[in-house]
file upload.cif (mmCIF, C-alpha atoms and all ligand atoms)
data_model
#
loop_
_atom_site.label_atom_id
_atom_site.label_comp_id
_atom_site.auth_asym_id
_atom_site.auth_seq_id
_atom_site.Cartn_x
_atom_site.Cartn_y
_atom_site.Cartn_z
CA MET T 1 90.63 123.24 120.74
CA THR T 2 87.91 121.86 122.97
CA LEU T 3 84.98 122.33 120.63
CA THR T 4 82.46 119.49 121.05
CA PRO T 5 80.70 118.76 117.80
CA PRO T 6 76.92 118.85 118.18
CA LYS T 7 75.88 115.89 116.07
CA THR T 8 78.30 113.26 117.31
CA THR T 9 76.83 109.95 118.50
CA VAL T 10 77.97 108.93 121.97
CA PHE T 11 78.63 105.22 122.62
CA PRO T 12 78.74 104.85 126.42
CA ASN T 13 79.28 101.07 126.28
CA PRO T 14 82.25 99.02 125.12
CA PRO T 15 81.98 97.46 121.65
CA PRO T 16 81.02 93.74 121.71
CA LEU T 17 83.85 91.35 122.58
CA VAL T 18 83.89 88.15 120.52
CA ARG T 19 86.03 85.23 121.71
CA ILE T 20 87.02 82.77 119.01
CA LYS T 21 89.22 79.69 119.21
CA GLY T 22 90.42 76.74 117.14
CA SER T 23 91.00 76.22 113.42
CA HIS T 24 90.67 79.16 111.06
CA ARG T 25 87.41 77.80 109.69
CA ALA T 26 86.03 77.31 113.21
CA MET T 27 87.14 80.79 114.34
CA GLY T 28 85.45 82.31 111.30
CA GLN T 29 82.23 80.43 112.05
CA GLN T 30 82.26 81.59 115.68
CA MET T 31 82.82 85.18 114.58
CA GLY T 32 80.07 84.92 111.93
CA GLU T 33 77.57 83.57 114.44
CA ALA T 34 78.41 86.15 117.08
CA ILE T 35 78.11 89.22 114.89
CA ALA T 36 75.78 88.08 112.10
CA PRO T 37 73.60 91.24 112.25
CA GLN T 38 76.67 93.50 112.01
CA ILE T 39 78.00 91.50 109.05
CA HIS T 40 74.71 91.73 107.15
CA HIS T 41 74.51 95.43 107.99
CA SER T 42 77.99 96.10 106.62
CA ILE T 43 77.18 94.20 103.40
CA GLU T 44 74.02 96.32 102.99
CA ASN T 45 76.07 99.48 103.58
CA ALA T 46 78.59 98.43 100.96
CA LYS T 47 75.80 97.71 98.46
CA GLN T 48 74.37 101.18 99.04
CA LEU T 49 77.80 102.72 98.66
CA ILE T 50 78.35 100.98 95.31
CA ASP T 51 74.83 101.94 94.12
CA GLY T 52 75.27 105.54 95.25
CA THR T 53 78.50 106.01 93.36
CA TYR T 54 77.43 104.34 90.10
CA SER T 55 77.60 107.60 88.18
CA VAL T 56 81.31 107.80 88.81
CA LEU T 57 82.51 104.21 89.11
CA GLU T 58 80.03 102.65 86.66
CA LEU T 59 80.11 99.60 88.84
CA ASP T 60 77.11 97.70 90.22
CA TRP T 61 77.18 94.97 92.87
CA ASP T 62 77.31 92.16 90.30
CA GLY T 63 80.22 93.91 88.64
CA ALA T 64 81.93 94.34 92.00
CA THR T 65 81.45 90.63 92.70
CA ILE T 66 83.03 89.69 89.38
CA GLN T 67 85.97 91.99 90.13
CA ALA T 68 86.40 90.69 93.66
CA ARG T 69 86.45 87.06 92.47
CA LYS T 70 89.58 87.83 90.45
CA TYR T 71 91.46 88.45 93.71
CA LEU T 72 90.41 85.17 95.30
CA PRO T 73 92.88 82.77 93.61
CA PHE T 74 95.81 84.91 94.79
CA ALA T 75 94.54 84.91 98.37
CA GLN T 76 93.84 81.20 98.17
CA GLU T 77 97.28 80.30 96.86
CA ARG T 78 99.26 82.12 99.54
CA TYR T 79 96.83 82.43 102.45
CA ALA T 80 94.35 79.58 102.16
CA LYS T 81 93.82 79.61 105.93
CA TYR T 82 92.49 83.17 105.88
CA VAL T 83 90.20 82.37 102.97
CA ASP T 84 89.00 79.53 105.24
CA GLU T 85 88.41 82.09 107.96
CA MET T 86 86.32 84.16 105.54
CA MET T 87 84.36 81.07 104.48
CA GLY T 88 83.73 80.36 108.14
CA ILE T 89 82.48 83.92 108.68
CA ALA T 90 80.08 83.53 105.74
CA GLU T 91 78.84 80.17 107.07
CA GLY T 92 78.42 81.40 110.63
CA ALA T 93 76.60 84.56 109.61
CA GLY T 94 74.53 82.94 106.87
CA ALA T 95 76.03 85.43 104.43
CA ASP T 96 77.12 85.01 100.84
CA PHE T 97 80.88 84.40 100.52
CA ASP T 98 80.93 86.51 97.34
CA ASP T 99 79.58 89.46 99.32
CA LEU T 100 82.32 89.08 101.93
CA MET T 101 84.90 88.92 99.16
CA VAL T 102 83.63 92.28 97.86
CA LEU T 103 83.96 93.79 101.35
CA THR T 104 87.49 92.37 101.61
CA SER T 105 88.48 93.73 98.20
CA MET T 106 86.48 96.96 98.46
CA GLU T 107 89.45 99.29 98.15
CA ALA T 108 90.63 97.42 95.07
CA VAL T 109 87.31 97.06 93.27
CA THR T 110 86.54 100.75 93.74
CA MET T 111 90.05 101.50 92.44
CA ASP T 112 90.66 103.52 95.58
CA ALA T 113 88.39 106.23 94.10
CA LEU T 114 86.39 106.29 97.31
CA HIS T 115 89.39 107.18 99.47
CA LEU T 116 87.64 104.93 101.96
CA THR T 117 89.94 104.71 104.91
CA LYS T 118 91.73 107.66 106.47
CA CYS T 119 93.16 106.92 109.90
CA THR T 120 95.92 108.31 112.10
CA SER T 121 98.43 106.00 113.81
CA PHE T 122 101.31 106.69 116.18
CA ALA T 123 103.43 104.85 118.72
CA VAL T 124 105.98 105.50 121.44
CA ASN T 125 108.42 103.07 123.04
CA GLY T 126 109.81 102.85 126.58
CA ASP T 127 112.21 105.76 125.99
CA ARG T 128 109.20 108.04 125.66
CA THR T 129 106.71 106.67 128.19
CA ALA T 130 106.46 107.39 131.90
CA ASP T 131 106.23 103.70 132.85
CA GLY T 132 108.54 102.32 130.15
CA HIS T 133 105.70 100.60 128.32
CA VAL T 134 105.34 100.42 124.52
CA LEU T 135 102.13 102.19 123.48
CA VAL T 136 100.51 102.11 120.05
CA ALA T 137 97.59 104.37 119.08
CA HIS T 138 95.20 104.30 116.14
CA ASN T 139 92.10 106.25 115.12
CA GLU T 140 90.05 104.27 112.61
CA ASP T 141 88.32 106.63 110.20
CA TRP T 142 85.70 105.03 107.97
CA LEU T 143 82.17 105.41 106.66
CA PRO T 144 79.84 106.56 109.44
CA GLU T 145 77.27 103.89 108.45
CA ASP T 146 79.58 101.15 109.73
CA GLU T 147 80.22 102.73 113.12
CA SER T 148 77.58 100.52 114.74
CA ASP T 149 79.35 97.38 113.42
CA VAL T 150 82.55 97.78 115.45
CA CYS T 151 83.65 94.86 117.63
CA VAL T 152 86.73 93.49 119.37
CA ILE T 153 87.98 89.98 118.54
CA HIS T 154 89.88 87.90 121.10
CA ALA T 155 91.31 85.01 119.09
CA THR T 156 93.15 81.87 120.12
CA PRO T 157 94.13 80.18 116.85
CA ASP T 158 95.42 76.58 116.89
CA ASP T 159 98.50 77.50 114.87
CA GLU T 160 99.26 81.16 115.70
CA PRO T 161 99.80 83.35 118.75
CA PRO T 162 96.56 84.54 120.42
CA PHE T 163 95.60 88.08 119.44
CA LEU T 164 93.29 90.93 120.36
CA ALA T 165 92.07 93.04 117.43
CA MET T 166 89.37 95.41 116.28
CA THR T 167 87.16 94.93 113.26
CA TYR T 168 83.80 96.00 111.88
CA GLY T 169 81.22 94.05 109.92
CA GLY T 170 82.53 91.18 107.86
CA LEU T 171 86.19 92.16 107.59
CA LEU T 172 89.01 89.96 108.85
CA PRO T 173 90.56 91.57 111.94
CA ASN T 174 93.86 93.34 111.26
CA ILE T 175 94.43 96.19 113.71
CA GLY T 176 95.59 94.85 117.02
CA PHE T 177 98.39 92.94 118.75
CA ASN T 178 99.34 89.37 119.50
CA ALA T 179 100.92 87.33 122.30
CA ALA T 180 104.27 87.39 120.49
CA GLY T 181 104.39 91.13 121.19
CA ILE T 182 103.63 92.28 117.63
CA ALA T 183 101.21 95.20 117.13
CA GLN T 184 99.95 96.52 113.81
CA CYS T 185 97.96 99.55 112.67
CA CYS T 186 97.02 99.99 109.01
CA ASP T 187 96.74 103.33 107.26
CA SER T 188 95.44 103.57 103.72
CA VAL T 189 97.85 104.97 101.18
CA TYR T 190 97.16 105.55 97.50
CA PRO T 191 99.67 103.76 95.28
CA SER T 192 99.42 104.16 91.51
CA ASP T 193 100.58 100.60 90.81
CA PRO T 194 97.73 98.39 92.11
CA ARG T 195 97.12 95.08 90.40
CA ILE T 196 94.98 92.02 90.84
CA GLY T 197 96.55 90.08 93.67
CA ILE T 198 96.20 89.35 97.38
CA PRO T 199 93.80 91.92 98.93
CA ARG T 200 95.29 94.28 101.50
CA VAL T 201 92.92 93.11 104.23
CA VAL T 202 94.13 89.51 103.85
CA VAL T 203 97.79 90.57 103.88
CA SER T 204 97.29 92.58 107.05
CA ARG T 205 95.35 89.74 108.73
CA ALA T 206 98.44 87.57 108.14
CA VAL T 207 100.60 90.08 110.02
CA LEU T 208 98.62 89.36 113.21
CA GLY T 209 99.93 85.79 113.01
CA ALA T 210 103.60 86.89 112.97
CA ARG T 211 105.99 85.91 115.76
CA THR T 212 108.86 88.35 115.04
CA PRO T 213 109.17 91.80 113.44
CA ALA T 214 110.89 90.27 110.38
CA ASP T 215 108.09 87.74 110.07
CA ALA T 216 105.55 90.58 110.14
CA ILE T 217 107.42 92.58 107.48
CA ARG T 218 107.73 89.48 105.27
CA HIS T 219 103.92 89.24 105.21
CA MET T 220 103.53 92.95 104.41
CA LEU T 221 105.78 92.46 101.37
CA VAL T 222 104.27 89.15 100.23
CA THR T 223 104.61 88.45 96.51
CA HIS T 224 101.49 89.03 94.42
CA ARG T 225 100.08 91.60 96.84
CA ALA T 226 97.39 93.70 95.18
CA ALA T 227 98.58 97.03 96.57
CA GLY T 228 99.61 98.05 100.06
CA TYR T 229 98.96 99.95 103.24
CA ASN T 230 101.26 101.74 105.54
CA HIS T 231 101.72 99.22 108.33
CA LEU T 232 102.74 100.82 111.59
CA LEU T 233 104.54 97.92 113.25
CA ALA T 234 105.56 97.86 116.90
CA HIS T 235 107.30 95.14 118.88
CA GLU T 236 107.20 94.75 122.65
CA SER T 237 111.01 95.27 122.67
CA GLY T 238 110.39 98.88 121.61
CA GLU T 239 111.24 98.46 117.92
CA LEU T 240 108.98 100.80 115.92
CA TYR T 241 108.54 100.94 112.16
CA ASN T 242 106.39 102.35 109.43
CA VAL T 243 106.41 99.96 106.50
CA GLU T 244 105.07 101.77 103.46
CA VAL T 245 103.91 99.37 100.79
CA SER T 246 102.58 99.53 97.23
CA ALA T 247 102.03 96.59 94.88
CA ARG T 248 105.63 96.60 93.71
CA ARG T 249 107.58 98.82 96.08
CA PHE T 250 108.15 99.32 99.77
CA ALA T 251 110.09 101.44 102.23
CA ILE T 252 110.89 100.75 105.86
CA LEU T 253 111.00 103.82 108.10
CA TYR T 254 112.43 103.30 111.57
CA GLY T 255 111.36 105.10 114.77
CA HIS T 256 114.75 106.55 115.73
CA GLU T 257 113.40 109.03 118.28
CA GLY T 258 111.33 106.46 120.16
CA CYS T 259 108.20 107.55 118.38
CA VAL T 260 106.54 107.17 114.98
CA ALA T 261 103.41 108.58 113.35
CA HIS T 262 101.66 107.94 110.07
CA THR T 263 98.54 109.02 108.23
CA ASN T 264 97.55 108.45 104.59
CA HIS T 265 100.36 109.68 102.38
CA TYR T 266 103.79 108.24 101.67
CA ILE T 267 106.67 109.74 103.63
CA ASP T 268 109.53 108.00 101.83
CA PRO T 269 110.66 109.89 98.67
CA ALA T 270 110.88 106.69 96.59
CA MET T 271 107.31 105.77 97.56
CA GLN T 272 106.11 109.25 96.64
CA LEU T 273 106.98 108.39 93.04
CA VAL T 274 104.11 105.88 93.04
CA GLU T 275 101.61 108.03 94.92
CA SER T 276 98.37 108.63 93.07
CA GLU T 277 97.28 112.29 92.95
CA PRO T 278 99.48 113.53 95.80
CA ASP T 279 98.16 117.08 95.56
CA GLU T 280 94.71 115.80 96.58
CA LEU T 281 96.17 114.39 99.81
CA ILE T 282 96.08 117.51 101.95
CA HIS T 283 94.21 116.69 105.16
CA THR T 284 96.44 113.70 105.74
CA ARG T 285 99.53 115.93 105.72
CA VAL T 286 97.95 118.30 108.22
CA ARG T 287 97.03 115.41 110.54
CA TYR T 288 100.49 113.92 110.21
CA PHE T 289 102.39 117.04 111.24
CA ARG T 290 99.88 117.78 113.98
CA ALA T 291 100.27 114.29 115.46
CA LEU T 292 104.06 114.51 115.26
CA ARG T 293 104.14 117.88 117.01
CA LEU T 294 101.80 116.73 119.77
CA LEU T 295 103.90 113.59 120.25
CA GLN T 296 107.06 115.67 120.54
CA GLN T 297 105.51 118.14 122.99
CA THR T 298 105.42 115.52 125.73
CA GLU T 299 108.63 113.89 126.87
CA GLN T 300 107.07 111.03 128.86
CA HIS T 301 103.81 109.75 127.44
CA THR T 302 101.04 107.77 129.10
CA VAL T 303 97.89 106.11 127.79
CA LYS T 304 96.08 109.33 128.75
CA SER T 305 98.46 111.64 126.89
CA LEU T 306 98.04 109.56 123.72
CA GLN T 307 94.27 109.60 124.13
CA ALA T 308 94.42 113.39 124.37
CA ILE T 309 96.15 113.45 120.95
CA GLN T 310 93.45 111.16 119.57
CA ARG T 311 90.79 113.72 120.61
CA ASP T 312 92.54 116.61 118.87
CA HIS T 313 90.32 118.84 116.72
CA VAL T 314 92.79 121.07 114.88
CA ASN T 315 91.74 121.24 111.21
CA PHE T 316 88.22 120.16 112.22
CA PRO T 317 86.32 118.28 110.82
CA SER T 318 89.23 116.53 109.07
CA SER T 319 91.10 116.47 112.37
CA ILE T 320 92.85 113.56 114.08
CA CYS T 321 89.49 113.03 115.82
CA ASN T 322 87.66 112.94 112.51
CA HIS T 323 84.04 114.01 112.09
CA THR T 324 81.64 113.46 109.21
CA ASP T 325 81.47 116.45 107.01
CA GLU T 326 77.90 116.47 105.72
CA GLU T 327 78.85 118.96 103.05
CA SER T 328 81.80 117.02 101.76
CA ASP T 329 82.14 115.03 98.60
CA PRO T 330 80.34 111.66 98.96
CA PHE T 331 83.66 110.07 97.95
CA ASP T 332 85.38 111.62 100.88
CA ARG T 333 83.03 110.98 103.80
CA GLU T 334 84.54 109.60 106.94
CA LYS T 335 84.60 109.81 110.70
CA THR T 336 86.51 108.22 113.52
CA ILE T 337 84.49 105.07 114.26
CA ASN T 338 86.82 103.89 117.01
CA SER T 339 89.97 104.99 118.74
CA ILE T 340 92.49 102.53 120.19
CA VAL T 341 95.52 102.68 122.47
CA MET T 342 97.33 99.35 122.78
CA ASP T 343 99.73 98.78 125.67
CA LEU T 344 102.04 96.11 124.28
CA THR T 345 103.78 95.67 127.64
CA SER T 346 100.65 94.98 129.68
CA ARG T 347 98.83 93.34 126.72
CA THR T 348 95.81 95.60 127.00
CA MET T 349 93.69 97.50 124.50
CA HIS T 350 91.86 100.70 125.41
CA ILE T 351 89.14 101.41 122.86
CA SER T 352 86.50 104.07 122.47
CA TRP T 353 83.55 103.19 120.27
CA GLY T 354 82.91 106.22 118.12
CA ASN T 355 84.69 109.56 118.40
CA PRO T 356 86.98 109.65 121.44
CA CYS T 357 86.07 113.32 122.08
CA VAL T 358 82.62 112.21 123.29
CA SER T 359 82.80 108.44 123.92
CA PRO T 360 84.75 106.85 126.80
CA TYR T 361 87.57 104.33 126.47
CA HIS T 362 87.11 100.75 127.73
CA THR T 363 89.86 98.27 128.48
CA PHE T 364 90.27 94.70 127.16
CA HIS T 365 93.03 92.23 128.07
CA LEU T 366 94.69 89.57 125.96
CA ASP T 367 94.64 86.28 127.88
CA ALA T 368 97.59 84.23 126.82
ZN ZN I 401 86.03 114.71 117.97
#
call {"tool": "encode", "arguments": {"input": "upload.cif", "output": "structure tokens", "more": "lines below"}}
Ligand SMILES: [Zn+2]
result
Amino acid sequence: MTLTPPKTTVFPNPPPLVRIKGSHRAMGQQMGEAIAPQIHHSIENAKQLIDGTYSVLELDWDGATIQARKYLPFAQERYAKYVDEMMGIAEGAGADFDDLMVLTSMEAVTMDALHLTKCTSFAVNGDRTADGHVLVAHNEDWLPEDESDVCVIHATPDDEPPFLAMTYGGLLPNIGFNAAGIAQCCDSVYPSDPRIGIPRVVVSRAVLGARTPADAIRHMLVTHRAAGYNHLLAHESGELYNVEVSARRFAILYGHEGCVAHTNHYIDPAMQLVESEPDELIHTRVRYFRALRLLQQTEQHTVKSLQAIQRDHVNFPSSICNHTDEESDPFDREKTINSIVMDLTSRTMHISWGNPCVSPYHTFHLDA
């Protein structure tokens, strides 16, 4: 399908690149200063979202703040350095730390009722690429209001491998790759066993600091995690995994055919036992099978062939290239706010800001 949706915003330019370096506190401060307007904008968007859904969630911003604070001690105990990063972001942006904590715990404090993140991720290793490179692709589907807050973070931490990652607003970066050859994409899943614990965003930020695949998986399964994502994990050696996580369970799915895909439902039968309302999760199944089929149709992939999959419009508007459905339930609004292909072998990230069907990709390099 080549249909071009009429109301889609085109972003001709690359998203802002923010270079940060040093201690976690210092990196946070640099990020906060560089993208202060975006951070304040994303906090305002979140406040409007909470206000607009009061009739269902019966939660106001003060209530959300009280809820979010319950998650802080767990994050602090295990990942104090990332709480430091968040404090730095608040300081640099002149924002309230409590507000950032709500953003970070948003999925948890809204009890996943908002079905906030959608996303489609897939990867191929050297067995399935024309040039032998390992390629990892992700469409980030999120609230359209935050599309203008997208940026790319190039980080050189004192105590971790340098990384290149995408984020928006005041969230810690988590989708990207590092100089140890670890790449991660996160896809929301809907476990029925969430608890108060370490927020998912903090857990996935920790993965970007990993030096080996086992190290990365250990973070994904950290004790006292609040819930879980699917983490699509790729290593520069060509090892590919989907690690499906809930608060108390996990499954590791390996990319035997040299390719993996994931969307927003559990694939592993044991994980399906803790899936909340599986019969509501329909679009994600359609996107999953569509992505798998398109991956299998091409024997030797390239960055371009993966980008073509990211622009796919089958099952529009809830397609892989996802478009806001104005008619849809306010709890189910989403669009692709950026589209990424990471080349783990050449350490580059190709990113389109906004829907990849109308906006061009731009290339960033990890200097390490
Ligand atoms: Zn599109």
call {"tool": "closest_residue", "arguments": {"input": "upload.cif", "among": "T:Ile320, T:Ile35, T:Val202, T:Val83", "to": "ligand ZN 401 (chain I)", "atoms": "only C-alpha atoms and all ligand atoms"}}
result
T:Ile320
call {"tool": "residues_around", "arguments": {"input": "upload.cif", "residues": "region 161-173 of chain T", "least_positions_apart": "6", "cutoff": "6 Å", "atoms": "only C-alpha atoms", "output": "ChimeraX atom specification"}}
result
/T:38-39,42,149-155,179,366
call {"tool": "closest_atom_pairs", "arguments": {"input": "upload.cif", "of": "chain T", "to": "ligand ZN 401 (chain I)", "cutoff": "6 Å", "atoms": "all atoms listed in the file", "output": "Markdown table"}}
result
| residue | atom | partner | partner_atom | distance |
| --- | --- | --- | --- | --- |
| T:Arg311 | CA | I:ZN401 | ZN | 5.5 |
| T:Cys321 | CA | I:ZN401 | ZN | 4.4 |
| T:Asn322 | CA | I:ZN401 | ZN | 6.0 |
| T:Asn355 | CA | I:ZN401 | ZN | 5.3 |
| T:Cys357 | CA | I:ZN401 | ZN | 4.3 |
call {"tool": "closest_residue", "arguments": {"input": "upload.cif", "among": "T:Glu44, T:Glu280, T:Asp159, T:Asp343", "to": "His235 (chain T)", "atoms": "all atoms listed in the file"}}
result
T:Asp343
call {"tool": "axis_aligned_box", "arguments": {"input": "upload.cif", "around": "region 145-152 of chain T", "padding_each_side": "6 Å", "output": "AutoDock Vina command-line options"}}
result
--center_x 82.0 --center_y 98.7 --center_z 113.9 --size_x 21.5 --size_y 22.4 --size_z 22.9
call {"tool": "closest_residue", "arguments": {"input": "upload.cif", "among": "T:Pro278, T:Pro191, T:Pro317, T:Gly197", "to": "Arg78 (chain T)", "atoms": "all atoms listed in the file"}}
result
T:Gly197
call {"tool": "residues_around", "arguments": {"input": "upload.cif", "residues": "Ala95 (chain T)", "least_positions_apart": "6", "cutoff": "9 Å", "atoms": "all atoms listed in the file", "output": "MDAnalysis selection string"}}
result
chainID T and resid 32 36 39:40 43 89
call {"tool": "atom_distance", "arguments": {"input": "upload.cif", "atom1": "CA of His262 (chain T)", "atom2": "CA of Ser319 (chain T)"}}
result
13.8 Å
call {"tool": "closest_residue", "arguments": {"input": "upload.cif", "among": "T:Pro157, T:Gly132, T:Pro213, T:Gly176", "to": "Gly258 (chain T)", "atoms": "all atoms listed in the file"}}
result
T:Gly132
call {"tool": "closest_residue", "arguments": {"input": "upload.cif", "among": "T:Arg249, T:Lys118, T:His265, T:Arg225", "to": "Leu143 (chain T)", "atoms": "all atoms listed in the file"}}
result
T:Lys118
call {"tool": "closest_residue", "arguments": {"input": "upload.cif", "among": "T:Phe364, T:Trp61, T:Tyr241, T:Phe250", "to": "Met220 (chain T)", "atoms": "only C-alpha atoms"}}
result
T:Phe250
call {"tool": "atom_distance", "arguments": {"input": "upload.cif", "atom1": "CA of Val201 (chain T)", "atom2": "CA of Ala108 (chain T)"}}
result
10.4 Å
call {"tool": "residues_around", "arguments": {"input": "upload.cif", "residues": "Val136 (chain T)", "least_positions_apart": "4", "cutoff": "8 Å", "atoms": "all atoms listed in the file", "output": "list in words"}}
result
Ser121, Phe122, Ala123, Val124, Ala183, Ala234, Val341, Met342, Asp343 and Leu344 of chain T
call {"tool": "atom_distance", "arguments": {"input": "upload.cif", "atom1": "CA of Pro269 (chain T)", "atom2": "CA of Gly238 (chain T)"}}
result
25.4 Å
call {"tool": "residues_near_point", "arguments": {"input": "upload.cif", "point": "(79.4, 101.0, 127.7)", "cutoff": "10 Å", "atoms": "all atoms listed in the file", "output": "list in words"}}
result
Val10, Phe11, Pro12, Asn13, Pro14, Pro15, Pro16, Ser352, Trp353, Ser359, Pro360, Tyr361 and His362 of chain T
call {"tool": "residues_around", "arguments": {"input": "upload.cif", "residues": "Ala206 (chain T)", "least_positions_apart": "6", "cutoff": "10 Å", "atoms": "all atoms listed in the file", "output": "VMD selection string"}}
result
chain T and resid 79 81 to 82 160 172 to 174 200 215 to 216 218 to 220 222
call {"tool": "residues_around", "arguments": {"input": "upload.cif", "residues": "Asp131 (chain T)", "least_positions_apart": "6", "cutoff": "9 Å", "atoms": "all atoms listed in the file", "output": "PyMOL selection string"}}
result
chain T and resi 300-302
